[in-house]
Structure formats: C-alpha cells, structure tokens
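Student: Attaching a single structure in structure tokens format; questions to follow.
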Amino acid sequence: MKYLVLVLVSTFLLGSIARAEDHIWSKQGTVLSFFQGYEGIGHVKPSRVYSPDHQKYVLLDFKADKGDGATIPDVAIPVVSIIAGKLTIPVDLDEEWVQVEVLWSPDSKNLALTGAFNAYTNSTKILHLTADGSQATPLGELQKNMALLYPPCKALDALTDVCNADEDGVSFNYATVVWANPHTVVIMAEVPCSSSQGGIMCQVAGYELDTRTGRIANRMTARQLKQRWQSSLAFNLRIPTPPEWKKAAQANH
C-alpha cells in the first residue's frame, strides 16, 4: 500500500479532528482531507463515509510517525480502508493525494474515489466490493480515448518532455461526477490546466463508463457533459475554447 507522508503542522492551524469536508467534483460526494495535526493523533475520532445502505463505510484514520526532531520532521500517515461487516479492505492510495472525495453507488456495492494531487491535477479510482475484498475497474480504455481526442504531442506549444510522458492519457485528470445507475459512472476527463500542455490545456470530455467491464458506454463533449450532468457537478463547468494544434510539418518533428 502506498502512503502519503505529510509534514505536520500545529493543531492550532489545522485542528485536531479529521473531518468530512465539502464536495469538490460531485455534489453527492464527501471529501476527506489527509491533513492532520500531530497532537490530535490518538485522540481524534476517525472519519467515516457511510454507504447508502449504512452497512459499509470508508474509514480515514492516521498513523503517527515521529521524526528525530532535527533532520526528519514529524509526519502523519493517512490510512484509508473500506469496512464491510467484519471485513477490512485496505485502499491503495495514490502517493501524492492530499484529499479524497468518496462517492458510493446507489446499491452500495461500488464506490468511486477521486483524489487531488494539487490545484490542477487529480485522478479517480472505481472499486467493486467482493466477498473478500475489492476489484478495481480498469480505466485504460477511457484514458486511451482521451489521448486520441487530445494527442499531447500534436498540441501547439506543448513541452516535449511533458507531451511524451502524457501520450497514453494516464496523466490527464479524471473525476467521478455521479453514478448514472449502479453499474455506470459519469467521469469528467480533463487535460491539466497547465501551460506545459500547450494548445490542449483545460480541454474537457465526459464519459459514461460501465464499471463491470471498463468499457465506454457513451462519450460526451464538454458541452454535452454540462447539459446532461451540470446538476451533479459541484462547480460550474466552463466550456473550454477550441484546442490549438501544431501545423502538419511541426507535428511530424
């Protein structure tokens, strides 16, 4: 399991209680912050996000790891698990997530976790709960499709090292917006809003994904995503300006 290591700050600034905060991407989601003060460790109640049937919950807790007081700082290590009856299912965190938004499916058998790395990058995981653990929905088809829509190295003024690293679409942004039904999620995909992406920065597409197979059930433009699902978004989706591409001669070099 990967853990995110955070430098600890005073509980006067962050508070001593890990708590659920407002949603970021989905109006139906619940955000858990990974920041926590060291003095609160061992004294706070863990944060929980319950499933619709109230039989399961996502648990956020922290492990304290005290530094040497000199070169190694004190750190708080967030630990996220799914509790289903007597079963505890560890969640493999992306190592740079600083918070996670939890979105349960209406039948309580699946959940989506969308985590933020910083102000303009994020990723999502879709998990199906099984009798003895969880199974992740593959996102490869969605990521490849996004990279075909917005090929990074064909974008005008894209940085070469960045576009080469992004050609498979994995490093684009993905956030789960809503469960359309117990087996289908609506995902907002976005090229990170960084000038390093050149002419495709901030481009958006929407996807309805079958979580049983990882297959795309429907693809939407940014405008279609807004028309159909703005009511489920926790923010006002702005339609990006058209992408800008290199000329053919430039794209071949």
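By convention in this document, the chains of the structure tokens carry letters A, B, ... by their order, each chain's residues are numbered from 1, and ligands are numbered from 1 in the order they are shown.
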Run DSSP on the backbone and give me the residues of stretch 98-239 of chain A it puts in alpha helix (DSSP H), as a list in words.

Tutor: Gly140, Glu141, Leu142, Gln143, Lys144, Asn145, Met146, Ala147, Leu148, Leu149, Thr160, Asp161, Val162, Cys163, Asn164, Ala165, Ala222, Arg223, Gln224, Leu225, Lys226, Gln227, Arg228 and Trp229 of chain A

Student: Suppose we keep C-alpha atoms; can you now write the selection as a PDB file, in the first residue's frame?

Tutor:
```pdb
ATOM      1  CA  GLY A 140      -7.277   2.084 -19.765  1.00  0.00           C
ATOM      2  CA  GLU A 141      -9.941   2.372 -22.479  1.00  0.00           C
ATOM      3  CA  LEU A 142     -11.086   5.740 -21.178  1.00  0.00           C
ATOM      4  CA  GLN A 143      -7.516   7.064 -20.864  1.00  0.00           C
ATOM      5  CA  LYS A 144      -6.547   5.924 -24.369  1.00  0.00           C
ATOM      6  CA  ASN A 145      -9.671   7.502 -25.825  1.00  0.00           C
ATOM      7  CA  MET A 146      -8.900  10.807 -24.132  1.00  0.00           C
ATOM      8  CA  ALA A 147      -5.364  10.715 -25.551  1.00  0.00           C
ATOM      9  CA  LEU A 148      -6.775  10.071 -29.030  1.00  0.00           C
ATOM     10  CA  LEU A 149      -9.123  13.054 -28.688  1.00  0.00           C
ATOM     11  CA  THR A 160       8.189  17.945 -25.432  1.00  0.00           C
ATOM     12  CA  ASP A 161       9.063  16.122 -22.209  1.00  0.00           C
ATOM     13  CA  VAL A 162       5.534  16.657 -20.864  1.00  0.00           C
ATOM     14  CA  CYS A 163       3.726  15.543 -24.010  1.00  0.00           C
ATOM     15  CA  ASN A 164       5.917  12.444 -24.354  1.00  0.00           C
ATOM     16  CA  ALA A 165       5.022  11.437 -20.799  1.00  0.00           C
ATOM     17  CA  ALA A 222     -17.749  19.284 -22.743  1.00  0.00           C
ATOM     18  CA  ARG A 223     -20.984  20.960 -23.815  1.00  0.00           C
ATOM     19  CA  GLN A 224     -22.927  17.662 -23.698  1.00  0.00           C
ATOM     20  CA  LEU A 225     -21.459  16.870 -20.283  1.00  0.00           C
ATOM     21  CA  LYS A 226     -22.612  20.238 -18.990  1.00  0.00           C
ATOM     22  CA  GLN A 227     -26.093  19.885 -20.497  1.00  0.00           C
ATOM     23  CA  ARG A 228     -26.661  16.398 -19.069  1.00  0.00           C
ATOM     24  CA  TRP A 229     -24.809  16.434 -15.776  1.00  0.00           C
TER      25      TRP A 229
END
```

Student: Kindly give the distance, in Å, that separates atom CA of A:Thr241 and atom CA of A:Thr221, rounded to a single decimal.

Tutor: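 Those two atoms sit 12.3 Å apart.
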
Student: Residues within 7 Å of stretch 90-106 of chain A, please, as a PDB file with N, CA and C atoms, in the first residue's frame. Count only C-alpha atoms; anything in the same chain fewer than 6 positions from it doesn't count.

Tutor:
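The resulting file, part_0.pdb, is reproduced below:
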```
ATOM      1  N   MET A   1       0.840  -1.190   0.000  1.00  0.00           N
ATOM      2  CA  MET A   1       0.000   0.000   0.000  1.00  0.00           C
ATOM      3  C   MET A   1       0.873   1.236   0.000  1.00  0.00           C
ATOM      4  N   LYS A   2       0.484   2.246  -0.795  1.00  0.00           N
ATOM      5  CA  LYS A   2       1.221   3.495  -0.803  1.00  0.00           C
ATOM      6  C   LYS A   2       0.640   4.407   0.262  1.00  0.00           C
ATOM      7  N   TYR A   3       1.496   5.165   0.934  1.00  0.00           N
ATOM      8  CA  TYR A   3       1.039   6.127   1.912  1.00  0.00           C
ATOM      9  C   TYR A   3       1.498   7.515   1.523  1.00  0.00           C
ATOM     10  N   LEU A   4       0.684   8.508   1.795  1.00  0.00           N
ATOM     11  CA  LEU A   4       1.061   9.880   1.582  1.00  0.00           C
ATOM     12  C   LEU A   4       1.640  10.407   2.876  1.00  0.00           C
ATOM     13  N   HIS A  23     -17.891  18.848  -0.768  1.00  0.00           N
ATOM     14  CA  HIS A  23     -17.524  18.158  -2.003  1.00  0.00           C
ATOM     15  C   HIS A  23     -16.738  19.091  -2.918  1.00  0.00           C
ATOM     16  N   GLN A  28     -22.769  14.916  -4.824  1.00  0.00           N
ATOM     17  CA  GLN A  28     -23.138  13.800  -3.960  1.00  0.00           C
ATOM     18  C   GLN A  28     -21.933  13.216  -3.222  1.00  0.00           C
ATOM     19  N   GLY A  29     -20.758  13.749  -3.490  1.00  0.00           N
ATOM     20  CA  GLY A  29     -19.548  13.209  -2.880  1.00  0.00           C
ATOM     21  C   GLY A  29     -19.257  13.808  -1.514  1.00  0.00           C
ATOM     22  N   THR A  30     -18.386  13.138  -0.769  1.00  0.00           N
ATOM     23  CA  THR A  30     -17.923  13.620   0.527  1.00  0.00           C
ATOM     24  C   THR A  30     -16.404  13.608   0.534  1.00  0.00           C
ATOM     25  N   VAL A  31     -15.800  14.740   0.851  1.00  0.00           N
ATOM     26  CA  VAL A  31     -14.350  14.875   0.802  1.00  0.00           C
ATOM     27  C   VAL A  31     -13.742  14.624   2.181  1.00  0.00           C
ATOM     28  N   LEU A  32     -12.694  13.807   2.192  1.00  0.00           N
ATOM     29  CA  LEU A  32     -11.899  13.570   3.393  1.00  0.00           C
ATOM     30  C   LEU A  32     -10.515  14.160   3.166  1.00  0.00           C
ATOM     31  N   SER A  33     -10.083  15.031   4.081  1.00  0.00           N
ATOM     32  CA  SER A  33      -8.774  15.659   3.964  1.00  0.00           C
ATOM     33  C   SER A  33      -7.732  14.827   4.683  1.00  0.00           C
ATOM     34  N   PHE A  34      -6.549  14.713   4.097  1.00  0.00           N
ATOM     35  CA  PHE A  34      -5.485  13.926   4.704  1.00  0.00           C
ATOM     36  C   PHE A  34      -4.622  14.738   5.664  1.00  0.00           C
ATOM     37  N   SER A  51     -22.073   4.046   3.290  1.00  0.00           N
ATOM     38  CA  SER A  51     -22.764   3.663   2.062  1.00  0.00           C
ATOM     39  C   SER A  51     -24.249   3.971   2.213  1.00  0.00           C
ATOM     40  N   PRO A  52     -24.996   4.041   1.102  1.00  0.00           N
ATOM     41  CA  PRO A  52     -26.436   4.323   1.190  1.00  0.00           C
ATOM     42  C   PRO A  52     -27.212   3.342   2.071  1.00  0.00           C
ATOM     43  N   VAL A  80      -6.538   4.743   4.577  1.00  0.00           N
ATOM     44  CA  VAL A  80      -7.936   4.650   4.155  1.00  0.00           C
ATOM     45  C   VAL A  80      -8.307   3.186   3.974  1.00  0.00           C
ATOM     46  N   SER A  81      -9.440   2.800   4.537  1.00  0.00           N
ATOM     47  CA  SER A  81      -9.933   1.425   4.432  1.00  0.00           C
ATOM     48  C   SER A  81     -11.430   1.446   4.163  1.00  0.00           C
ATOM     49  N   ILE A  82     -11.920   0.333   3.629  1.00  0.00           N
ATOM     50  CA  ILE A  82     -13.355   0.129   3.491  1.00  0.00           C
ATOM     51  C   ILE A  82     -13.747  -0.933   4.516  1.00  0.00           C
ATOM     52  N   ALA A 112     -16.564   5.176  -5.852  1.00  0.00           N
ATOM     53  CA  ALA A 112     -15.553   5.914  -6.605  1.00  0.00           C
ATOM     54  C   ALA A 112     -14.787   6.791  -5.641  1.00  0.00           C
ATOM     55  N   LEU A 113     -13.489   6.861  -5.844  1.00  0.00           N
ATOM     56  CA  LEU A 113     -12.615   7.706  -5.038  1.00  0.00           C
ATOM     57  C   LEU A 113     -11.883   8.644  -6.000  1.00  0.00           C
ATOM     58  N   THR A 114     -12.082   9.930  -5.839  1.00  0.00           N
ATOM     59  CA  THR A 114     -11.371  10.903  -6.654  1.00  0.00           C
ATOM     60  C   THR A 114     -10.445  11.698  -5.746  1.00  0.00           C
ATOM     61  N   GLY A 115      -9.166  11.695  -6.061  1.00  0.00           N
ATOM     62  CA  GLY A 115      -8.181  12.353  -5.218  1.00  0.00           C
ATOM     63  C   GLY A 115      -7.470  13.471  -5.942  1.00  0.00           C
ATOM     64  N   ALA A 116      -7.089  14.504  -5.181  1.00  0.00           N
ATOM     65  CA  ALA A 116      -6.386  15.650  -5.741  1.00  0.00           C
ATOM     66  C   ALA A 116      -4.917  15.593  -5.357  1.00  0.00           C
ATOM     67  N   PHE A 117      -4.056  15.862  -6.348  1.00  0.00           N
ATOM     68  CA  PHE A 117      -2.623  15.994  -6.101  1.00  0.00           C
ATOM     69  C   PHE A 117      -2.287  17.434  -5.741  1.00  0.00           C
ATOM     70  N   TRP A 179     -23.087   8.551 -10.137  1.00  0.00           N
ATOM     71  CA  TRP A 179     -23.470   7.219 -10.598  1.00  0.00           C
ATOM     72  C   TRP A 179     -24.760   7.355 -11.394  1.00  0.00           C
ATOM     73  N   PRO A 182     -26.374   1.745 -10.866  1.00  0.00           N
ATOM     74  CA  PRO A 182     -25.424   1.009 -10.039  1.00  0.00           C
ATOM     75  C   PRO A 182     -24.173   0.510 -10.752  1.00  0.00           C
TER      76      PRO A 182
END
```

Student: Rounded to one decimal, what separation in Å do you get between atom CA of A:Ala158 and atom CA of A:Glu190?

Tutor: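 Interatomic distance here is 15.6 Å.
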
Student: Near A:Val49, counting only C-alpha atoms, which residues have an atom at most 7 Å away, once you skip same-chain residues fewer than 3 positions from it, shown as a PDB file with C-alpha atoms, in the first residue's frame?

Tutor:
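See selection.pdb below for the written result:
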```pdb
ATOM      1  CA  TYR A  57     -18.232   2.790   5.238  1.00  0.00           C
ATOM      2  CA  VAL A  58     -14.986   4.310   4.070  1.00  0.00           C
ATOM      3  CA  LEU A  59     -12.691   4.917   7.040  1.00  0.00           C
TER       4      LEU A  59
END
```

Student: Please provide as a list in words all residues within 7 Å of A:Val178, with the sequence filter that same-chain residues fewer than 5 positions apart are discarded (counting only C-alpha atoms).

Tutor: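 In the requested format, the answer is Ser26, Val185, Val186 and Ser232 of chain A.
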
Student: Could you turn the residues from that selection into a file that holds C-alpha atoms, as a compact mmCIF listing (two decimals), in the first residue's frame?

Tutor:
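Saved the output as part.txt:
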```txt
# COMPACT_ATOMS: atom_id res chain seq x y z
CA SER A 26 -19.55 15.77 -7.25
CA VAL A 185 -20.33 6.17 -13.61
CA VAL A 186 -20.10 9.56 -15.25
CA SER A 232 -24.46 16.75 -10.38
```

Student: Identify which of the residues A:Ser171, A:Ser134, A:Ser231, A:Ser195 lies closest to A:Asn122, counting only C-alpha atoms when measuring atom-to-atom distances.

Tutor: A:Ser171

Student: Nearest to A:Thr213: which of A:His183, A:Lys86, A:Lys125, A:Lys63 is it, counting only C-alpha atoms?

Tutor: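 That would be A:His183, the residue with the smallest distance to A:Thr213.
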
Student: Here is a test: counting only C-alpha atoms, which residue of A:Asn110, A:Ile239, A:Pro78, A:Lys246 is nearest to A:Asp157?

Tutor: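 Residue with the minimum atom-to-atom distance to A:Asp157: A:Lys246.
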
Student: Of the residues A:Ala180, A:Ile24, A:Ile200, A:Val79, which is the one nearest to A:Ser47, using only C-alpha atoms?

Tutor: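 Using only C-alpha atoms, the shortest distance to A:Ser47 belongs to A:Val79.
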
Student: Would you return as a PyMOL selection string the members of stretch 143-250 of chain A that DSSP assigns to strand (DSSP E or B) on this structure's backbone?

Tutor: chain A and resi 155+173-181+184-190+204-210+215-221+233+245

Student: Atom CA of A:Asp61 and atom CA of A:Thr121 are how many Å apart?

Tutor: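 For atom CA of A:Asp61 relative to atom CA of A:Thr121, the distance reads 23.9 Å.
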
Student: Could you pull the residues within 8 Å of A:Trp245, counting only C-alpha atoms, minus those fewer than 4 positions along the same chain, as a ChimeraX atom specification?

Tutor: /A:154-156,199-200
